[in-house]
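A.B. asks: After the structure tokens below, expect a handful of questions from me.
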Amino acid sequence: MSTYEKLQAIDKRVIYILLALSIAVPLLFPLGLPFSVGAEVKNSYDWIEKNINKDDLVLFSYDISTGAMPELGPITTAVMAHLAKKQVKIIGIATMTDGVMMARQLYAPFAKDLPYGEKFVNLGFLAGGESGLSSFLQNPYNVFKADADGKPIESMPVMKGFKDVKDIKVMISVNCGPVGGCSIEQWVRQGFVTHKKPVWIGLNAVMAPGSMPYYRSGQLTGYIAGIRGAAEYETLVGRAGLGTSAMDAQSIAHALIIIFIVLGNVGMMAIKRSKAKGGAIK
Amino acid sequence: MNNSPAILAAAIVTILTFTFLWKSNPAYRLMEHVLLAVSAGHAIVMGYNNLRSIAWIPITQKGQYSLLIPLILGALLYARYIKSVAWLSRIPLAVMIGCASALALRGSIQSQLLQQIAATASLQNLDSILVFLGVIVTVSYFTFTYKIKGSAAAVPMLGRWVMMIGFGAAFGGAVMGRLSLVVGRFQFLFGDWLGWMK
């Protein structure tokens, strides 16, 4: 087997081991590689900074499946840290079942800054997708009588002044896509188009290109994508977390993948050229 | 090292799932089944709680009998499992599809068509000009009514390249996303479980 053919047939387990090392080593021995803050993240941060004030009502939808936690968890934590700093009131919902658990887990570090019932409530699972969301925005008390733990919500201070969508200052959805919950398109349709409310989104990196047109057309006021977006937001909030610590590992692993893609293509092109010439492959 | 039962269980499940990378094995398949079972169990509990708080309690304790209508419609969905009355399941399906279509239609034209056209047509800088040209050449690729020939054929070909760049960006995002998941698991193993991360 020639060198080029060997390049085409690297055992996938070798690739996996190298990839695991490229992730593990930077996590254990951080390099502190620099990264910049992109325009989208900066604008999203600035929008909250300028437009959201103390005691403003924020609808926060934890549309996060367990599988999406590594990407969306750091985004949520960074945004919640920002909101906790601003001392807003957060109405938490989840349009997918997993999101209820995720909301509990992600709220825990902020229990002191955002006391439960006063500044934060986890209403739980909002069933029905877009129809459910539409119904909730028009009359939240028709859909939720109690929070996720069965406690009545009407007497909670955080719910004071929340009659319907008009009282909400911004809708934030940290969203892993249409896998049982409301998609970004549905949030835009119900939040921005129907009720003329700002919609602010955190999303998986894989969804970023498909969702960018909504941001570019001004239908989304906030747009944070992937672990990189989380790291950038953490930088702006001044709270380094899992996003920042993942950046070194992510960069090294990406570099390794690029090297493998280049090697594979060099091998493929060399073999093609050799075959076209009818010569032996060396 | 954190050996609390939940963390330990999660660490074992993570490692057993990773064994698939070597080759498929019974431990990995067991974890697949565990994941499905846990997800299904969780969804059932959520559904039950929803039915109880939104429908059952208001009907039985507050006398809101109008809620029986959606409850019956929901039950009719299961009629499809009984051949003789399977047609009944079409009624709730029709209601669901009708409501969802009406809701979606109201916003779709505005958000997915008009706003997008307006944003594409606003040529403010080099970036927006490139997006505009990209849209035009991409749309030209889907002109099937007549075959574009000669030098003009370069336009749809350019559209094909623009799409390739778009797919490349989406694939790059997918790779980044999947890697984030692996990084997240490593952060859990090294940080939450072993306590090796600073």
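The chains in the structure tokens are called A, B, ... from first to last as shown; in each chain the residues are counted from 1, and the ligands are counted from 1 in the order shown.
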Only residues of chain B matter here; which ones have an atom within 9 Å of chain A, counting only C-alpha atoms? Give them as a tab-separated table (two decimals) with N, CA and C atoms, in the first residue's frame.
C.D. replies:
```tsv
chain	number	residue	atom	x	y	z
B	21	LEU	N	-17.20	3.82	20.05
B	21	LEU	CA	-16.17	4.33	19.14
B	21	LEU	C	-15.15	3.24	18.81
B	22	TRP	N	-14.97	2.29	19.73
B	22	TRP	CA	-14.08	1.17	19.44
B	22	TRP	C	-14.79	0.19	18.53
B	39	SER	N	-36.04	8.75	28.28
B	39	SER	CA	-36.72	9.83	27.54
B	39	SER	C	-38.22	9.57	27.47
B	42	HIS	N	-39.82	10.02	30.92
B	42	HIS	CA	-39.91	11.43	31.30
B	42	HIS	C	-41.06	12.11	30.55
B	43	ALA	N	-41.17	11.81	29.25
B	43	ALA	CA	-42.24	12.43	28.43
B	43	ALA	C	-43.62	12.00	28.94
B	46	MET	N	-44.42	13.93	32.11
B	46	MET	CA	-44.76	15.32	31.77
B	46	MET	C	-46.18	15.40	31.19
B	47	GLY	N	-46.49	14.47	30.29
B	47	GLY	CA	-47.82	14.44	29.68
B	47	GLY	C	-48.90	14.21	30.72
B	50	ASN	N	-49.41	17.30	32.79
B	50	ASN	CA	-50.11	18.31	32.01
B	50	ASN	C	-51.60	18.03	31.97
B	53	SER	N	-53.08	18.79	35.43
B	53	SER	CA	-53.22	20.18	35.87
B	53	SER	C	-54.07	21.02	34.91
B	54	ILE	N	-54.00	20.74	33.61
B	54	ILE	CA	-54.73	21.60	32.66
B	54	ILE	C	-56.16	21.10	32.43
B	96	MET	N	-56.06	19.61	14.69
B	96	MET	CA	-54.67	20.01	14.99
B	96	MET	C	-54.01	20.65	13.77
B	99	CYS	N	-55.61	24.14	12.99
B	99	CYS	CA	-55.16	25.21	13.92
B	99	CYS	C	-53.71	25.58	13.64
B	100	ALA	N	-52.86	24.56	13.50
B	100	ALA	CA	-51.43	24.82	13.30
B	100	ALA	C	-51.20	25.57	11.99
B	103	LEU	N	-52.33	29.23	12.32
B	103	LEU	CA	-51.39	30.00	13.13
B	103	LEU	C	-50.11	30.30	12.35
B	104	ALA	N	-49.63	29.26	11.66
B	104	ALA	CA	-48.35	29.40	10.95
B	104	ALA	C	-48.49	30.35	9.77
B	106	ARG	N	-50.41	32.85	9.29
B	106	ARG	CA	-50.51	34.26	9.66
B	106	ARG	C	-49.13	34.93	9.73
B	107	GLY	N	-48.19	34.21	10.31
B	107	GLY	CA	-46.87	34.82	10.48
B	107	GLY	C	-45.88	34.50	9.39
B	108	SER	N	-46.09	33.37	8.71
B	108	SER	CA	-45.08	32.91	7.75
B	108	SER	C	-44.84	33.89	6.61
B	110	GLN	N	-45.24	37.02	6.45
B	110	GLN	CA	-44.50	38.19	6.92
B	110	GLN	C	-43.04	37.85	7.23
B	111	SER	N	-42.84	36.78	8.07
B	111	SER	CA	-41.49	36.52	8.58
B	111	SER	C	-40.60	35.80	7.58
B	112	GLN	N	-41.19	34.90	6.79
B	112	GLN	CA	-40.34	34.09	5.93
B	112	GLN	C	-40.30	34.56	4.48
B	115	GLN	N	-40.41	39.99	4.99
B	115	GLN	CA	-39.27	40.55	5.75
B	115	GLN	C	-37.94	40.13	5.13
B	116	GLN	N	-37.90	38.90	4.62
B	116	GLN	CA	-36.65	38.41	4.03
B	116	GLN	C	-36.34	39.13	2.73
B	117	ILE	N	-37.40	39.36	1.92
B	117	ILE	CA	-37.19	40.08	0.65
B	117	ILE	C	-36.73	41.51	0.94
B	118	ALA	N	-37.39	42.13	1.91
B	118	ALA	CA	-37.04	43.52	2.26
B	118	ALA	C	-35.59	43.59	2.74
B	119	ALA	N	-35.20	42.63	3.57
B	119	ALA	CA	-33.83	42.65	4.11
B	119	ALA	C	-32.82	42.39	3.01
B	120	THR	N	-33.16	41.49	2.07
B	120	THR	CA	-32.22	41.16	0.98
B	120	THR	C	-32.07	42.35	0.03
B	166	GLY	N	-22.92	27.72	1.30
B	166	GLY	CA	-23.95	27.65	2.36
B	166	GLY	C	-23.94	26.29	3.04
B	167	PHE	N	-23.90	25.22	2.24
B	167	PHE	CA	-23.88	23.87	2.83
B	167	PHE	C	-22.60	23.66	3.64
B	169	ALA	N	-20.92	25.95	5.24
B	169	ALA	CA	-21.07	26.65	6.52
B	169	ALA	C	-21.94	25.84	7.48
B	170	ALA	N	-23.02	25.24	6.93
B	170	ALA	CA	-23.92	24.43	7.78
B	170	ALA	C	-23.17	23.20	8.29
B	171	PHE	N	-22.36	22.59	7.42
B	171	PHE	CA	-21.62	21.40	7.84
B	171	PHE	C	-20.57	21.76	8.89
B	172	GLY	N	-19.92	22.92	8.68
B	172	GLY	CA	-18.95	23.40	9.67
B	172	GLY	C	-19.62	23.58	11.02
B	173	GLY	N	-20.83	24.17	10.98
B	173	GLY	CA	-21.60	24.35	12.23
B	173	GLY	C	-21.93	23.02	12.87
B	174	ALA	N	-22.27	22.03	12.03
B	174	ALA	CA	-22.61	20.69	12.54
B	174	ALA	C	-21.40	20.06	13.23
B	175	VAL	N	-20.22	20.18	12.58
B	175	VAL	CA	-19.00	19.61	13.18
B	175	VAL	C	-18.71	20.31	14.51
B	176	MET	N	-18.82	21.63	14.50
B	176	MET	CA	-18.56	22.40	15.72
B	176	MET	C	-19.52	21.99	16.83
B	177	GLY	N	-20.79	21.83	16.44
B	177	GLY	CA	-21.81	21.44	17.43
B	177	GLY	C	-21.53	20.07	18.02
B	178	ARG	N	-21.19	19.10	17.15
B	178	ARG	CA	-20.94	17.74	17.64
B	178	ARG	C	-19.72	17.71	18.53
B	179	LEU	N	-18.70	18.51	18.13
B	179	LEU	CA	-17.50	18.56	18.98
B	179	LEU	C	-17.81	19.17	20.35
B	180	SER	N	-18.71	20.16	20.33
B	180	SER	CA	-19.10	20.77	21.61
B	180	SER	C	-19.70	19.73	22.54
B	181	LEU	N	-20.45	18.78	21.96
B	181	LEU	CA	-21.06	17.74	22.78
B	181	LEU	C	-19.98	16.87	23.42
B	182	VAL	N	-18.96	16.54	22.62
B	182	VAL	CA	-17.86	15.72	23.16
B	182	VAL	C	-17.11	16.50	24.23
B	183	VAL	N	-16.83	17.78	23.93
B	183	VAL	CA	-16.13	18.62	24.91
B	183	VAL	C	-16.95	18.68	26.21
B	184	GLY	N	-18.25	18.82	26.06
B	184	GLY	CA	-19.14	18.88	27.23
B	184	GLY	C	-19.03	17.62	28.09
B	185	ARG	N	-18.97	16.47	27.43
B	185	ARG	CA	-18.84	15.20	28.18
B	185	ARG	C	-17.49	15.12	28.89
B	186	PHE	N	-16.44	15.57	28.18
B	186	PHE	CA	-15.10	15.55	28.79
B	186	PHE	C	-15.05	16.52	29.98
B	187	GLN	N	-15.72	17.66	29.83
B	187	GLN	CA	-15.76	18.62	30.94
B	187	GLN	C	-16.44	17.98	32.15
B	190	PHE	N	-13.92	15.12	33.53
B	190	PHE	CA	-12.72	15.67	34.18
B	190	PHE	C	-13.06	16.66	35.29
B	196	TRP	N	-10.58	17.16	38.15
B	196	TRP	CA	-9.23	17.48	37.66
B	196	TRP	C	-9.14	18.88	37.02
B	197	MET	N	-10.30	19.42	36.64
B	197	MET	CA	-10.25	20.73	35.96
B	197	MET	C	-10.27	21.86	36.97
B	198	LYS	N	-9.44	22.89	36.67
B	198	LYS	CA	-9.38	24.02	37.62
B	198	LYS	C	-10.58	24.93	37.40
```
A.B. asks: Could you give me, as a ChimeraX atom specification, each residue of segment 35-258 of chain A that DSSP assigns to strand (DSSP E or B) when run on this structure's backbone?
C.D. replies: /A:57-63,89-94,116,120-125,146,152,170-175,199-203,222-225
A.B. asks: Please provide the set of residues having any atom within 10 Å of segment 58-73 of chain B, restricted to only C-alpha atoms, with same-chain residues fewer than 6 positions apart removed, written as a PyMOL selection string.
C.D. replies: (chain A and resi 145) or (chain B and resi 51-52+88-93+95-96)
A.B. asks: Those same residues - N, CA and C atoms - I'd like them written as an mmCIF file, in the first residue's frame.
C.D. replies:
```cif
data_model
loop_
_atom_site.group_PDB
_atom_site.id
_atom_site.type_symbol
_atom_site.label_atom_id
_atom_site.label_comp_id
_atom_site.auth_asym_id
_atom_site.auth_seq_id
_atom_site.Cartn_x
_atom_site.Cartn_y
_atom_site.Cartn_z
ATOM 1 N N LYS A 145 -51.623 26.937 35.787
ATOM 2 C CA LYS A 145 -52.266 27.312 37.064
ATOM 3 C C LYS A 145 -51.214 27.261 38.176
ATOM 4 N N LEU B 51 -51.930 16.770 31.670
ATOM 5 C CA LEU B 51 -53.348 16.383 31.607
ATOM 6 C C LEU B 51 -54.027 16.653 32.943
ATOM 7 N N ARG B 52 -53.313 16.330 34.002
ATOM 8 C CA ARG B 52 -53.869 16.460 35.346
ATOM 9 C C ARG B 52 -54.114 17.943 35.683
ATOM 10 N N LEU B 88 -61.928 7.612 13.150
ATOM 11 C CA LEU B 88 -62.202 8.678 14.138
ATOM 12 C C LEU B 88 -60.956 9.505 14.470
ATOM 13 N N SER B 89 -59.802 8.876 14.336
ATOM 14 C CA SER B 89 -58.560 9.599 14.685
ATOM 15 C C SER B 89 -58.287 10.749 13.712
ATOM 16 N N ARG B 90 -58.991 10.737 12.563
ATOM 17 C CA ARG B 90 -58.783 11.822 11.597
ATOM 18 C C ARG B 90 -59.398 13.135 12.087
ATOM 19 N N ILE B 91 -60.395 13.033 12.958
ATOM 20 C CA ILE B 91 -61.068 14.267 13.426
ATOM 21 C C ILE B 91 -60.096 15.129 14.250
ATOM 22 N N PRO B 92 -59.495 14.588 15.325
ATOM 23 C CA PRO B 92 -58.530 15.442 16.056
ATOM 24 C C PRO B 92 -57.335 15.853 15.202
ATOM 25 N N LEU B 93 -56.939 14.962 14.286
ATOM 26 C CA LEU B 93 -55.810 15.330 13.412
ATOM 27 C C LEU B 93 -56.166 16.540 12.557
ATOM 28 N N VAL B 95 -58.346 18.845 13.255
ATOM 29 C CA VAL B 95 -58.394 20.043 14.113
ATOM 30 C C VAL B 95 -56.969 20.559 14.355
ATOM 31 N N MET B 96 -56.062 19.615 14.693
ATOM 32 C CA MET B 96 -54.674 20.009 14.986
ATOM 33 C C MET B 96 -54.006 20.647 13.771
#
```
A.B. asks: What does the distance from atom CA of Leu57 of chain A to atom CA of Asp167 of chain A come to in Å, to one decimal?
C.D. replies: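 Going from atom CA of Leu57 of chain A over to atom CA of Asp167 of chain A covers 6.8 Å.
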A.B. asks: May I have the residues within 8 Å of Met268 of chain A as JSON, numbers by chain, using only C-alpha atoms and disregarding those fewer than 3 positions away in the same chain?
C.D. replies: {"A": [4, 5, 8, 264, 265, 271, 272]}
A.B. asks: Would you put the residues from that selection into a file with N, CA and C atoms, as a CSV table (one decimal), in the first residue's frame?
C.D. replies:
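Just written: out_6.csv:
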```
chain,number,residue,atom,x,y,z
A,4,TYR,N,0.0,7.4,-0.1
A,4,TYR,CA,-1.2,8.1,-0.4
A,4,TYR,C,-2.4,7.2,-0.1
A,5,GLU,N,-2.3,5.9,-0.4
A,5,GLU,CA,-3.4,5.0,-0.1
A,5,GLU,C,-3.5,4.9,1.4
A,8,GLN,N,-5.5,7.5,2.8
A,8,GLN,CA,-7.0,7.4,2.6
A,8,GLN,C,-7.6,6.3,3.5
A,264,GLY,N,-6.5,13.7,3.8
A,264,GLY,CA,-7.4,12.8,3.0
A,264,GLY,C,-7.5,13.2,1.6
A,265,ASN,N,-7.6,14.6,1.4
A,265,ASN,CA,-7.8,15.1,0.1
A,265,ASN,C,-6.5,15.0,-0.8
A,271,ILE,N,-3.9,9.9,-5.8
A,271,ILE,CA,-4.3,8.6,-6.4
A,271,ILE,C,-5.0,8.8,-7.7
A,272,LYS,N,-5.9,9.8,-7.7
A,272,LYS,CA,-6.7,10.1,-9.0
A,272,LYS,C,-5.7,10.4,-10.1
```
A.B. asks: Give me, as a list in words, all polymer residues having an atom no more than 12 Å from segment 29-31 of chain B, counting only C-alpha atoms and skipping those fewer than 2 positions away in the same chain.
C.D. replies: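 What passes the distance filter is Ala9, Ala10, Ile12, Val13, Thr14, Ile15, Leu16, Thr17, Phe18, Thr19, Phe20, Lys23, Ser24, Asn25, Pro26, Ala27, His33, Val34, Leu35, Leu36, Ala37 and Val38 of chain B.
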A.B. asks: Could you write out that same residue set with C-alpha atoms as a PDB file, in the first residue's frame?
C.D. replies:
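See result-v1.pdb below for the written result:
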```
ATOM      1  CA  ALA B   9     -24.067   6.834  37.270  1.00  0.00           C
ATOM      2  CA  ALA B  10     -23.716   9.619  34.676  1.00  0.00           C
ATOM      3  CA  ILE B  12     -20.429   5.242  33.899  1.00  0.00           C
ATOM      4  CA  VAL B  13     -23.157   5.825  31.308  1.00  0.00           C
ATOM      5  CA  THR B  14     -20.907   8.311  29.456  1.00  0.00           C
ATOM      6  CA  ILE B  15     -17.949   5.924  29.369  1.00  0.00           C
ATOM      7  CA  LEU B  16     -20.083   2.952  28.295  1.00  0.00           C
ATOM      8  CA  THR B  17     -21.589   5.040  25.508  1.00  0.00           C
ATOM      9  CA  PHE B  18     -18.123   6.066  24.298  1.00  0.00           C
ATOM     10  CA  THR B  19     -17.156   2.367  23.953  1.00  0.00           C
ATOM     11  CA  PHE B  20     -19.089   2.410  20.652  1.00  0.00           C
ATOM     12  CA  LYS B  23     -16.812  -1.089  18.148  1.00  0.00           C
ATOM     13  CA  SER B  24     -20.481  -1.830  18.777  1.00  0.00           C
ATOM     14  CA  ASN B  25     -20.948  -3.870  21.939  1.00  0.00           C
ATOM     15  CA  PRO B  26     -23.689  -4.972  24.382  1.00  0.00           C
ATOM     16  CA  ALA B  27     -22.811  -2.241  26.921  1.00  0.00           C
ATOM     17  CA  HIS B  33     -32.051   1.385  25.407  1.00  0.00           C
ATOM     18  CA  VAL B  34     -31.610   3.183  28.728  1.00  0.00           C
ATOM     19  CA  LEU B  35     -31.618   6.548  26.933  1.00  0.00           C
ATOM     20  CA  LEU B  36     -34.800   5.701  25.031  1.00  0.00           C
ATOM     21  CA  ALA B  37     -36.518   4.371  28.151  1.00  0.00           C
ATOM     22  CA  VAL B  38     -35.589   7.395  30.264  1.00  0.00           C
TER      23      VAL B  38
END
```
A.B. asks: Find the distance between atom CA of Thr76 of chain A and atom CA of Ala240 of chain A and write it in Å to one decimal.
C.D. replies: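 Answer for the atom CA of Thr76 of chain A to atom CA of Ala240 of chain A separation: 13.2 Å.
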A.B. asks: Determine which residues of segment 138-184 of chain B DSSP labels as helix (DSSP H, G or I) from the backbone of this structure, then write them out as a PyMOL selection string.
C.D. replies: chain B and resi 138-141+150-184
A.B. asks: I want to know what sits within 8 Å of Met156 of chain A, based on only C-alpha atoms, with residues of the same chain fewer than 4 positions away left out; could you give that as a ChimeraX atom specification?
C.D. replies: /A:117-118,152,160
A.B. asks: Write the residues of the selection above to a file with N, CA and C atoms, as an mmCIF file, in the first residue's frame.
C.D. replies:
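part_12.cif written:
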```cif
data_model
loop_
_atom_site.group_PDB
_atom_site.id
_atom_site.type_symbol
_atom_site.label_atom_id
_atom_site.label_comp_id
_atom_site.auth_asym_id
_atom_site.auth_seq_id
_atom_site.Cartn_x
_atom_site.Cartn_y
_atom_site.Cartn_z
ATOM 1 N N GLY A 117 -39.772 32.635 43.054
ATOM 2 C CA GLY A 117 -41.083 33.206 43.400
ATOM 3 C C GLY A 117 -41.087 34.712 43.363
ATOM 4 N N GLU A 118 -39.912 35.322 43.644
ATOM 5 C CA GLU A 118 -39.818 36.789 43.630
ATOM 6 C C GLU A 118 -39.286 37.300 42.294
ATOM 7 N N PRO A 152 -49.086 27.046 43.437
ATOM 8 C CA PRO A 152 -49.921 28.028 42.719
ATOM 9 C C PRO A 152 -49.109 29.276 42.366
ATOM 10 N N LYS A 160 -46.697 39.113 39.506
ATOM 11 C CA LYS A 160 -47.433 40.375 39.661
ATOM 12 C C LYS A 160 -47.168 41.247 38.427
#
```
A.B. asks: At what distance in Å, to one decimal, does atom CA of Val170 of chain A lie from atom CA of Leu106 of chain A?
C.D. replies: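 Computing the Euclidean distance for atom CA of Leu106 of chain A and atom CA of Val170 of chain A yields 19.4 Å.
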